[in-house]
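Okay, coords23.cif is below, mmCIF, C-alpha atoms:
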```cif
data_final
loop_
_atom_site.label_atom_id
_atom_site.label_comp_id
_atom_site.auth_asym_id
_atom_site.auth_seq_id
_atom_site.Cartn_x
_atom_site.Cartn_y
_atom_site.Cartn_z
CA MET Y 143 -3.05 23.18 8.22
CA LEU Y 144 -3.43 22.07 4.62
CA ARG Y 145 -0.22 21.58 2.72
CA PRO Y 146 -1.17 20.22 -0.68
CA TYR Y 147 1.62 18.53 -2.57
CA GLY Y 148 2.37 18.24 -6.25
CA PRO Y 149 0.52 15.92 -8.59
CA VAL Y 150 1.69 12.36 -9.21
CA VAL Y 151 4.21 12.33 -12.06
CA ARG Y 152 3.02 9.19 -13.80
CA ASP Y 153 6.32 8.82 -15.65
CA ASP Y 154 8.07 8.08 -12.34
CA HIS Y 155 5.90 4.98 -11.91
CA PRO Y 156 4.86 1.95 -13.96
CA PRO Y 157 1.77 2.18 -16.18
CA PHE Y 158 -1.38 0.54 -14.83
CA SER Y 159 -1.44 -1.93 -17.71
CA TYR Y 160 1.85 -3.54 -18.74
CA PRO Y 161 1.00 -6.59 -20.86
CA ASP Y 162 4.39 -8.27 -20.36
CA TYR Y 163 3.19 -8.67 -16.77
CA ARG Y 164 0.06 -10.55 -17.71
CA ALA Y 165 -1.94 -10.09 -14.52
CA THR Y 166 -2.06 -6.31 -15.11
CA VAL Y 167 -4.19 -6.62 -18.25
CA LYS Y 168 -7.51 -7.26 -16.50
CA ARG Y 169 -6.74 -5.36 -13.31
CA ALA Y 170 -5.94 -1.94 -14.81
CA PRO Y 171 -8.62 0.77 -15.06
CA ARG Y 172 -9.51 1.83 -18.60
CA SER Y 173 -11.09 5.16 -17.73
CA ASP Y 174 -8.96 8.17 -16.89
CA LEU Y 175 -8.46 8.86 -13.20
CA VAL Y 176 -10.60 11.77 -11.99
CA SER Y 177 -8.38 14.63 -10.78
CA ILE Y 178 -9.45 16.24 -7.54
CA LEU Y 179 -8.17 19.00 -5.33
CA GLN Y 180 -6.44 17.68 -2.22
CA THR Y 181 -8.62 18.04 0.85
CA LEU Y 182 -8.04 17.10 4.45
CA SER Y 183 -9.00 13.53 3.44
CA GLU Y 184 -5.94 13.34 1.17
CA THR Y 185 -3.39 15.50 3.05
CA THR Y 186 -3.93 13.47 6.21
CA GLY Y 187 -3.38 9.72 6.30
CA PRO Y 188 -2.95 6.74 8.58
CA GLY Y 189 0.86 6.84 8.65
CA PRO Y 190 1.53 8.83 11.83
CA GLY Y 191 -1.05 7.04 14.00
CA TRP Y 192 -0.21 3.59 12.63
CA SER Y 193 3.50 4.14 13.26
CA GLU Y 194 2.77 5.04 16.89
CA VAL Y 195 1.06 1.77 17.69
CA SER Y 196 3.39 -0.55 15.76
CA GLU Y 197 6.33 -2.28 17.36
CA GLU Y 198 9.76 -2.51 15.86
CA ASP Y 199 10.76 -6.01 14.74
CA SER Y 200 13.73 -5.47 12.50
CA ASP Y 201 15.95 -8.56 12.78
CA LEU Y 202 14.54 -11.18 10.43
CA THR Y 203 17.39 -13.59 11.15
CA SER Y 204 16.03 -14.13 14.67
CA ASN Y 205 12.42 -12.93 14.83
CA ALA Y 206 10.96 -16.38 14.21
CA GLY Y 207 11.66 -16.73 17.92
CA THR Y 208 13.00 -20.27 17.73
CA GLY Y 209 16.31 -19.34 19.28
CA ALA Y 210 18.16 -20.56 16.19
CA ALA Y 211 19.45 -18.41 13.34
CA ALA Y 212 17.91 -18.32 9.87
CA ILE Y 213 19.92 -19.96 7.10
CA GLY Y 214 21.37 -17.90 4.26
CA GLU Y 215 23.58 -14.95 3.49
CA ARG Y 216 23.13 -12.51 6.39
CA ILE Y 217 22.78 -8.92 5.16
CA ILE Y 218 22.12 -5.46 6.54
CA VAL Y 219 19.66 -3.29 4.61
CA THR Y 220 19.61 0.36 5.62
CA GLY Y 221 18.76 3.74 4.16
CA ARG Y 222 16.92 6.99 4.59
CA VAL Y 223 13.26 7.71 3.98
CA SER Y 224 12.79 11.25 2.74
CA ASP Y 225 10.29 13.40 0.90
CA GLU Y 226 10.81 14.82 -2.58
CA MET Y 227 12.55 17.85 -1.08
CA GLY Y 228 15.14 15.59 0.53
CA ARG Y 229 13.83 16.04 4.07
CA GLY Y 230 14.05 12.92 6.18
CA ILE Y 231 10.75 11.48 7.40
CA PRO Y 232 11.16 10.58 11.09
CA ARG Y 233 9.22 7.98 13.10
CA THR Y 234 7.50 6.39 10.15
CA LEU Y 235 6.73 2.69 9.91
CA ILE Y 236 8.27 0.42 7.27
CA GLU Y 237 6.85 -3.07 6.81
CA ILE Y 238 8.78 -5.65 4.74
CA TRP Y 239 8.26 -9.21 3.54
CA GLN Y 240 10.40 -11.53 1.46
CA ALA Y 241 11.27 -15.07 0.40
CA ASN Y 242 13.87 -17.08 2.27
CA ALA Y 243 17.36 -17.88 0.96
CA ALA Y 244 15.91 -20.71 -1.17
CA GLY Y 245 13.28 -18.48 -2.76
CA ARG Y 246 10.29 -19.71 -0.74
CA TYR Y 247 7.73 -17.58 1.12
CA VAL Y 248 6.05 -18.57 4.37
CA HIS Y 249 2.62 -18.29 2.74
CA TRP Y 250 -0.05 -20.91 2.12
CA ARG Y 251 -0.22 -20.02 -1.59
CA ASP Y 252 3.49 -20.60 -2.22
CA THR Y 253 3.27 -24.33 -2.92
CA GLU Y 254 4.40 -24.87 -6.51
CA PHE Y 255 8.11 -24.19 -6.11
CA ASP Y 256 9.84 -27.19 -4.58
CA ALA Y 257 12.20 -25.25 -2.34
CA PRO Y 258 12.64 -25.79 1.41
CA LEU Y 259 11.10 -23.66 4.11
CA ASP Y 260 13.39 -22.57 6.91
CA PRO Y 261 11.79 -23.08 10.35
CA ASN Y 262 13.93 -20.23 11.66
CA PHE Y 263 12.83 -17.64 9.10
CA LEU Y 264 9.44 -15.93 8.75
CA GLY Y 265 10.43 -13.32 6.16
CA VAL Y 266 8.46 -10.50 7.82
CA GLY Y 267 9.82 -7.41 9.58
CA ARG Y 268 8.91 -3.94 10.80
CA CYS Y 269 11.03 -0.94 11.52
CA ILE Y 270 10.39 2.69 12.48
CA THR Y 271 12.64 5.41 11.08
CA ASP Y 272 14.73 7.40 13.55
CA GLU Y 273 14.78 11.19 13.95
CA GLN Y 274 16.69 11.58 10.67
CA GLY Y 275 14.44 9.22 8.72
CA ASP Y 276 16.95 6.35 8.76
CA TYR Y 277 15.96 2.70 9.00
CA ARG Y 278 17.91 -0.55 9.37
CA PHE Y 279 17.02 -4.21 8.96
CA VAL Y 280 19.10 -7.34 9.45
CA THR Y 281 17.90 -10.17 7.25
CA ILE Y 282 18.83 -12.96 4.84
CA LYS Y 283 19.41 -12.31 1.17
CA PRO Y 284 16.28 -13.68 -0.52
CA GLY Y 285 16.54 -16.25 -3.28
CA ALA Y 286 15.15 -15.99 -6.81
CA TYR Y 287 12.01 -18.00 -7.49
CA PRO Y 288 9.98 -19.05 -10.52
CA TRP Y 289 6.52 -17.78 -11.38
CA ARG Y 290 4.17 -18.59 -14.21
CA ASN Y 291 4.07 -15.32 -16.10
CA HIS Y 292 6.05 -16.65 -19.11
CA PHE Y 293 8.52 -19.41 -19.99
CA ASN Y 294 11.40 -19.51 -17.52
CA ALA Y 295 10.04 -16.56 -15.59
CA TRP Y 296 12.11 -16.08 -12.44
CA ARG Y 297 11.74 -13.16 -10.10
CA PRO Y 298 15.03 -11.46 -9.30
CA ALA Y 299 15.88 -11.42 -5.60
CA HIS Y 300 13.79 -8.69 -3.96
CA ILE Y 301 12.40 -7.45 -0.67
CA HIS Y 302 8.86 -5.97 -0.55
CA PHE Y 303 8.61 -2.63 1.26
CA SER Y 304 5.43 -0.91 2.45
CA LEU Y 305 5.33 2.66 3.76
CA MET Y 306 2.38 4.87 4.68
CA GLY Y 307 4.32 8.10 5.03
CA PRO Y 308 2.71 11.29 6.33
CA SER Y 309 -0.38 11.46 4.11
CA LEU Y 310 -2.74 9.35 2.03
CA GLY Y 311 -0.93 10.42 -1.13
CA SER Y 312 2.45 9.31 0.17
CA ARG Y 313 1.36 5.65 0.41
CA LEU Y 314 4.05 3.51 -1.25
CA VAL Y 315 4.46 -0.20 -1.81
CA SER Y 316 7.61 -1.05 -3.71
CA GLN Y 317 10.30 -3.69 -4.10
CA MET Y 318 14.02 -3.38 -3.45
CA TYR Y 319 16.34 -5.27 -5.78
CA PHE Y 320 20.03 -6.14 -5.63
CA PRO Y 321 22.64 -4.70 -8.00
CA ASP Y 322 24.00 -6.75 -10.92
CA ASP Y 323 21.21 -9.32 -10.79
CA PRO Y 324 21.06 -10.95 -14.26
CA LEU Y 325 17.33 -11.58 -13.86
CA LEU Y 326 16.40 -7.89 -13.65
CA ASP Y 327 16.22 -7.22 -17.37
CA HIS Y 328 13.97 -10.27 -17.86
CA ASP Y 329 11.54 -9.32 -15.08
CA PRO Y 330 8.47 -7.42 -16.33
CA ILE Y 331 7.61 -6.18 -12.83
CA TYR Y 332 10.99 -4.43 -12.69
CA THR Y 333 11.00 -3.31 -16.34
CA SER Y 334 7.45 -1.93 -16.02
CA VAL Y 335 9.14 1.08 -14.40
CA PRO Y 336 10.21 3.67 -16.99
CA ALA Y 337 13.91 3.19 -17.73
CA HIS Y 338 15.04 6.49 -16.23
CA ALA Y 339 13.56 5.60 -12.84
CA ARG Y 340 14.47 1.88 -12.59
CA GLU Y 341 17.75 2.35 -10.81
CA ARG Y 342 15.85 3.93 -7.90
CA LEU Y 343 14.74 0.38 -7.06
CA LEU Y 344 18.31 -0.94 -6.77
CA ALA Y 345 20.09 -1.18 -3.45
CA ARG Y 346 23.81 -0.64 -3.65
CA TYR Y 347 26.54 -2.51 -1.86
CA ASP Y 348 27.96 -0.24 0.85
CA ARG Y 349 31.30 -1.07 2.42
CA ALA Y 350 30.65 1.36 5.28
CA VAL Y 351 27.47 -0.48 6.19
CA THR Y 352 29.14 -3.89 5.88
CA GLU Y 353 30.25 -5.28 9.25
CA GLU Y 354 33.60 -7.00 9.58
CA ALA Y 355 33.33 -10.80 9.50
CA TRP Y 356 29.56 -10.63 10.07
CA ALA Y 357 27.31 -9.29 7.27
CA LEU Y 358 27.34 -7.53 3.89
CA GLY Y 359 25.72 -4.10 3.91
CA TYR Y 360 23.31 -2.66 1.36
CA ARG Y 361 21.91 0.86 1.20
CA TRP Y 362 18.51 1.70 -0.26
CA ASP Y 363 17.11 5.20 0.12
CA ILE Y 364 13.38 5.70 -0.33
CA VAL Y 365 11.72 8.88 -1.55
CA LEU Y 366 8.02 9.34 -0.75
CA ARG Y 367 5.79 11.69 -2.61
CA GLY Y 368 5.13 15.08 -1.13
CA SER Y 369 6.37 17.31 1.60
CA ALA Y 370 6.70 15.68 4.97
CA ALA Y 371 7.74 18.15 7.61
CA THR Y 372 5.17 19.96 9.70
CA PRO Y 373 5.83 23.59 10.63
CA GLY Y 374 8.54 23.88 13.26
CA GLU Y 375 9.61 20.30 12.70
CA ASP Y 376 11.77 20.76 9.62
CA GLY Y 377 14.65 18.32 9.80
CA GLU Y 378 17.95 18.98 8.12
CA GLY Y 379 16.45 21.36 5.59
CA MET O 11 13.78 17.79 -5.92
CA ARG O 12 14.40 14.05 -5.80
CA GLY O 13 12.52 11.57 -7.93
CA PRO O 14 10.09 9.45 -5.95
CA THR O 15 10.71 5.75 -5.48
CA PRO O 16 8.61 3.96 -8.11
CA SER O 17 5.61 1.87 -7.10
CA GLN O 18 5.62 -1.92 -7.46
CA THR O 19 2.90 -4.50 -6.97
CA VAL O 20 2.12 -5.94 -3.52
CA GLY O 21 2.20 -9.36 -5.21
CA PRO O 22 0.39 -12.47 -4.00
CA PHE O 23 2.05 -12.82 -0.59
CA PHE O 24 1.47 -9.44 1.11
CA SER O 25 -0.89 -10.95 3.69
CA MET O 26 2.09 -12.38 5.57
CA ALA O 27 3.03 -8.81 6.50
CA LEU O 28 0.20 -6.35 5.91
CA GLY O 29 -2.80 -6.76 8.15
CA GLY O 30 -4.36 -9.73 9.78
CA ALA O 31 -7.46 -10.90 11.60
CA GLY O 32 -9.06 -7.96 13.36
CA ASP O 33 -7.45 -5.19 11.32
CA GLU O 34 -10.74 -4.80 9.42
CA LYS O 35 -12.44 -3.77 12.67
CA ILE O 36 -11.87 -0.08 13.10
CA THR O 37 -14.37 0.10 15.92
CA PRO O 38 -15.20 -2.64 18.47
CA ASP O 39 -18.20 -4.98 18.40
CA ASP O 40 -19.88 -3.13 21.28
CA ASP O 41 -19.85 0.29 19.57
CA PRO O 42 -23.55 1.22 19.18
CA ASP O 43 -22.66 3.42 16.16
CA ARG O 44 -20.90 0.69 14.27
CA ILE O 45 -21.65 0.02 10.61
CA VAL O 46 -20.37 -2.54 8.12
CA ILE O 47 -18.97 -1.64 4.70
CA GLU O 48 -18.61 -4.75 2.55
CA GLY O 49 -18.42 -5.76 -1.09
CA ILE O 50 -16.59 -7.70 -3.76
CA VAL O 51 -13.62 -6.64 -5.88
CA PHE O 52 -13.95 -7.58 -9.58
CA ASP O 53 -11.51 -7.55 -12.49
CA GLY O 54 -12.18 -6.69 -16.15
CA ASP O 55 -13.54 -10.18 -16.84
CA ARG O 56 -16.07 -9.91 -13.97
CA ARG O 57 -14.07 -12.45 -12.03
CA HIS O 58 -13.59 -11.77 -8.35
CA VAL O 59 -10.14 -10.60 -7.29
CA GLU O 60 -9.01 -13.21 -4.80
CA ASP O 61 -5.97 -11.40 -3.47
CA ALA O 62 -6.66 -7.69 -3.04
CA LEU O 63 -5.57 -5.50 -0.14
CA LEU O 64 -8.01 -2.75 0.82
CA GLU O 65 -6.95 -0.01 3.20
CA LEU O 66 -9.53 2.34 4.67
CA TRP O 67 -8.88 5.85 5.99
CA GLN O 68 -11.55 8.03 7.48
CA ALA O 69 -12.45 10.75 9.95
CA ASP O 70 -14.18 9.97 13.24
CA ARG O 71 -17.92 10.44 13.81
CA THR O 72 -17.40 14.17 14.38
CA GLY O 73 -15.41 14.60 11.16
CA ARG O 74 -11.89 14.81 12.64
CA TYR O 75 -8.86 12.86 11.39
CA ARG O 76 -6.34 11.34 13.79
CA HIS O 77 -3.37 13.11 12.24
CA PRO O 78 -0.90 15.88 13.22
CA ASP O 79 -2.60 18.20 10.72
CA ASP O 80 -6.04 17.73 12.26
CA TRP O 81 -6.64 16.10 15.64
CA PRO O 82 -3.78 13.77 16.64
CA GLY O 83 -5.41 13.12 20.02
CA SER O 84 -8.49 11.49 18.56
CA GLY O 85 -9.16 8.12 20.15
CA PHE O 86 -10.46 6.78 16.86
CA ALA O 87 -7.73 5.28 14.66
CA GLY O 88 -9.63 5.73 11.40
CA PHE O 89 -7.49 3.12 9.67
CA GLY O 90 -8.14 -0.49 8.79
CA ARG O 91 -6.94 -3.20 6.46
CA ALA O 92 -8.95 -5.97 4.84
CA HIS O 93 -7.97 -8.77 2.47
CA THR O 94 -10.44 -10.08 -0.07
CA ASP O 95 -11.52 -13.67 0.51
CA PHE O 96 -9.72 -16.08 -1.81
CA ALA O 97 -12.90 -17.97 -2.74
CA SER O 98 -15.31 -15.04 -3.10
CA GLY O 99 -13.37 -11.78 -3.49
CA ARG O 100 -15.37 -10.34 -0.60
CA TYR O 101 -14.01 -7.82 1.89
CA SER O 102 -15.60 -6.24 4.92
CA PHE O 103 -14.86 -3.40 7.36
CA GLN O 104 -16.55 -2.65 10.68
CA THR O 105 -16.39 1.06 11.40
CA VAL O 106 -18.53 4.14 12.09
CA LYS O 107 -19.93 6.58 9.59
CA PRO O 108 -17.58 9.56 9.59
CA GLY O 109 -18.78 13.11 10.16
CA PRO O 110 -18.46 15.77 7.49
CA VAL O 111 -14.97 17.18 6.85
CA PRO O 112 -14.17 20.58 5.36
CA HIS O 113 -13.31 21.25 1.75
CA PRO O 114 -10.64 23.87 0.96
CA GLY O 115 -13.25 25.79 -1.03
CA GLY O 116 -15.13 26.46 2.20
CA ASP O 117 -17.85 23.87 1.79
CA GLU O 118 -18.39 20.80 3.89
CA GLN O 119 -17.79 17.43 2.22
CA ALA O 120 -20.39 14.70 2.46
CA PRO O 121 -19.46 11.83 4.80
CA HIS O 122 -17.03 9.52 3.01
CA VAL O 123 -14.20 7.10 3.62
CA SER O 124 -11.09 6.78 1.45
CA LEU O 125 -10.00 3.40 0.11
CA ILE O 126 -6.61 2.36 -1.23
CA ILE O 127 -6.80 -0.78 -3.37
CA GLN O 128 -3.79 -2.91 -4.27
CA ALA O 129 -3.32 -6.45 -5.56
CA ARG O 130 -1.14 -8.79 -7.55
CA GLY O 131 -1.29 -7.46 -11.10
CA MET O 132 -1.64 -3.87 -9.91
CA LEU O 133 1.60 -1.95 -10.31
CA ASN O 134 0.20 1.16 -8.61
CA PRO O 135 -2.33 1.71 -5.83
CA LEU O 136 -5.80 2.93 -6.79
CA PHE O 137 -7.57 5.51 -4.64
CA THR O 138 -11.32 5.81 -4.38
CA ARG O 139 -13.97 7.09 -1.96
CA VAL O 140 -17.01 5.44 -0.46
CA TYR O 141 -20.05 7.72 0.00
CA PHE O 142 -23.30 6.66 1.65
CA ALA O 143 -26.64 6.24 -0.14
CA ASP O 144 -28.61 7.58 2.83
CA GLU O 145 -26.81 10.94 2.65
CA THR O 146 -28.49 12.14 -0.54
CA PRO O 147 -28.68 15.88 0.27
CA ALA O 148 -25.04 16.04 1.38
CA ASN O 149 -23.92 13.92 -1.58
CA GLY O 150 -25.71 16.31 -3.90
CA ARG O 151 -23.66 19.23 -2.56
CA ASP O 152 -20.31 17.41 -2.40
CA VAL O 153 -17.60 19.17 -4.40
CA VAL O 154 -15.60 16.01 -5.14
CA LEU O 155 -18.65 14.03 -6.31
CA GLY O 156 -19.49 17.04 -8.45
CA LEU O 157 -16.23 16.52 -10.39
CA VAL O 158 -17.28 12.98 -11.33
CA PRO O 159 -19.26 12.46 -14.55
CA VAL O 160 -22.93 12.11 -13.59
CA ASP O 161 -23.26 8.63 -15.09
CA ARG O 162 -20.34 7.31 -13.00
CA ARG O 163 -21.21 8.81 -9.58
CA HIS O 164 -23.16 5.73 -8.56
CA THR O 165 -19.91 3.74 -8.50
CA LEU O 166 -18.87 5.76 -5.42
CA ILE O 167 -22.06 5.37 -3.41
CA ALA O 168 -22.50 2.44 -1.01
CA GLU O 169 -26.05 1.08 -0.89
CA LEU O 170 -27.70 0.48 2.45
CA ILE O 171 -28.73 -3.19 2.45
CA GLY O 172 -31.92 -4.12 4.30
CA ALA O 173 -32.45 -3.05 7.89
CA ALA O 174 -29.71 -5.11 9.49
CA VAL O 175 -28.15 -4.17 12.82
CA PRO O 176 -25.48 -2.97 12.53
CA PRO O 177 -26.35 -1.15 9.28
CA GLN O 178 -24.71 -2.78 6.29
CA TYR O 179 -23.46 -0.79 3.30
CA HIS O 180 -22.59 -2.59 0.08
CA PHE O 181 -19.74 -1.26 -2.07
CA ASP O 182 -18.29 -3.32 -4.92
CA VAL O 183 -15.03 -2.29 -6.57
CA ARG O 184 -14.83 -2.85 -10.32
CA LEU O 185 -11.25 -2.40 -11.45
CA GLN O 186 -12.01 -2.34 -15.16
CA GLY O 187 -14.77 -2.28 -17.77
CA GLU O 188 -18.51 -1.82 -17.45
CA GLY O 189 -19.39 -0.01 -14.26
CA GLU O 190 -15.71 0.68 -13.59
CA THR O 191 -15.27 2.33 -10.21
CA VAL O 192 -14.12 5.94 -10.31
CA PHE O 193 -10.51 6.23 -9.14
CA PHE O 194 -8.95 9.52 -8.16
CA ASP O 195 -5.74 11.34 -8.93
CA PHE O 196 -4.76 14.09 -6.52
#
```

Translate this structure into structure tokens?
Amino acid sequence: MLRPYGPVVRDDHPPFSYPDYRATVKRAPRSDLVSILQTLSETTGPGPGWSEVSEEDSDLTSNAGTGAAAIGERIIVTGRVSDEMGRGIPRTLIEIWQANAAGRYVHWRDTEFDAPLDPNFLGVGRCITDEQGDYRFVTIKPGAYPWRNHFNAWRPAHIHFSLMGPSLGSRLVSQMYFPDDPLLDHDPIYTSVPAHARERLLARYDRAVTEEAWALGYRWDIVLRGSAATPGEDGEG
Amino acid sequence: MRGPTPSQTVGPFFSMALGGAGDEKITPDDDPDRIVIEGIVFDGDRRHVEDALLELWQADRTGRYRHPDDWPGSGFAGFGRAHTDFASGRYSFQTVKPGPVPHPGGDEQAPHVSLIIQARGMLNPLFTRVYFADETPANGRDVVLGLVPVDRRHTLIAELIGAAVPPQYHFDVRLQGEGETVFFDF
């Protein structure tokens, strides 16, 4: 059954070219996108099948498998994945990656920043939303790190999130940031988002998620484009 | 209505999490119907893009998608991920040519695969389609190709290279400038 969804509202997202983020200048299309009617190729997508075959791996403080804990400020990051109508999206895969507490990624290209790697931290996790669309990771608060975009360019602490969602059009890669980070207003990747929508990228401290004498809790809800529920499967309406 | 979460770039380090060796093989090496779709991703200066993520989504050889809205029981995943090579910008998928899928207008669409392209320096994903040069009659009737300006349609058509086994289709992605690939909004 075809259930086309509304068009992308470009004002909810960054522009393709945002010269303050220099790498966008030569990687942004100049021609207008060609608008097409959604067909089965667009209203379906890899999300449901990919979620089925992926395993949950949601504790980044231990999933390096060394038997020792990762170093840094242990945090819980949780939230709900829903569609634009507010309906939770159940059983959908979330993939995340991030720097360690010192601001270093476990990646062969991350060599310029002289910060230590942590042998007990990979910085990669996967999680599948529950029946309500809720997810939960345990991880380490990532550190800020420098990049070469401009003088004294430092990325604010962030966690990369990737979601397929129910259809091709619901594909989302985004970044979650932490509240009150002084680097946010100097970061062109964050400020590329139109001002009215920026706060959607900010997690908020949540005392109810925080666990006594163990870890601070942050909540970040994610809204995917479109309408998720299939007939007869509507969640909480 | 709730505002969607804004898109952000995958950045330079996505390969630690998204896809790995083998994810570009959507069908196994012993599949007699297998084909290769390969090419290079270029930026607006004609330099290769050394750190792009390409995700492929397609129907199976009979034209059915593995999805709750079509045929969830299909044994063919229809999904793959490839990273461009750092030194050359080249990507490659091993898959099968999909069958035709319906168009809401009642017509059949020509065989095609969907591609999602992301990279450092791309704040949003770009969506395109790969059609096949040896499907000329079907391509000529395709409703989506018909929406593309005539002088840009060639950017969506993969050329069959030589007579290799498995058949090899070449599809470059040009993000910007002369010969810019057609990207879709839907």

Result set of the PyMOL selection byres ((chain O and resi 35-42) around 6) on the coordinates above, as a list in words
Gly32, Asp33, Glu34, Asp43, Arg44, Gly90, Phe103, Gln104 and Thr105 of chain O

Show me which bits of chain O are within 8 Å of chain Y, counting all atoms listed in the file, as JSON, numbers by chain.
{"O": [11, 12, 13, 14, 15, 16, 17, 18, 19, 20, 22, 23, 24, 26, 27, 28, 53, 54, 55, 67, 68, 69, 75, 76, 77, 78, 79, 80, 82, 87, 88, 89, 111, 112, 113, 114, 124, 130, 131, 132, 133, 134, 154, 157, 158, 185, 186, 187, 190, 192, 193, 194, 195, 196]}

Pick from O:Ile50, O:Ile45, O:Ala31, O:Leu66: nearest to Ala173 of chain O, with all atoms listed in the file counted?
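For Ala173 of chain O, the nearest of the candidates is O:Ile45.
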
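Taking atom CA of Arg163 of chain O as the reference point, atom CA of Leu136 of chain O is found at 16.7 Å.
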
Would you work out the distance separating atom CA of Ala97 of chain O from atom CA of Ala62 of chain O, expressed in Å to one decimal?
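Computing it gives 12.0 Å between the two atoms.
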
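Put simply, atom CA of Gly285 of chain Y is 24.1 Å away from atom CA of Ala350 of chain Y.
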
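Distances to Gly359 of chain Y were evaluated for Y:Val280, Y:Leu326, Y:Cys269, Y:Ala295 using all atoms listed in the file, and the minimum falls at Y:Val280.
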
Taking the file as shown, find all residues satisfying the PyMOL selection byres ((chain O and resi 56-60) around 6) and write them as a list in words.
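Against this file, the PyMOL selection byres ((chain O and resi 56-60) around 6) returns the residues Val51, Phe52, Asp53, Gly54, Asp55, Asp61, Thr94, Asp95, Phe96 and Gly99 of chain O.
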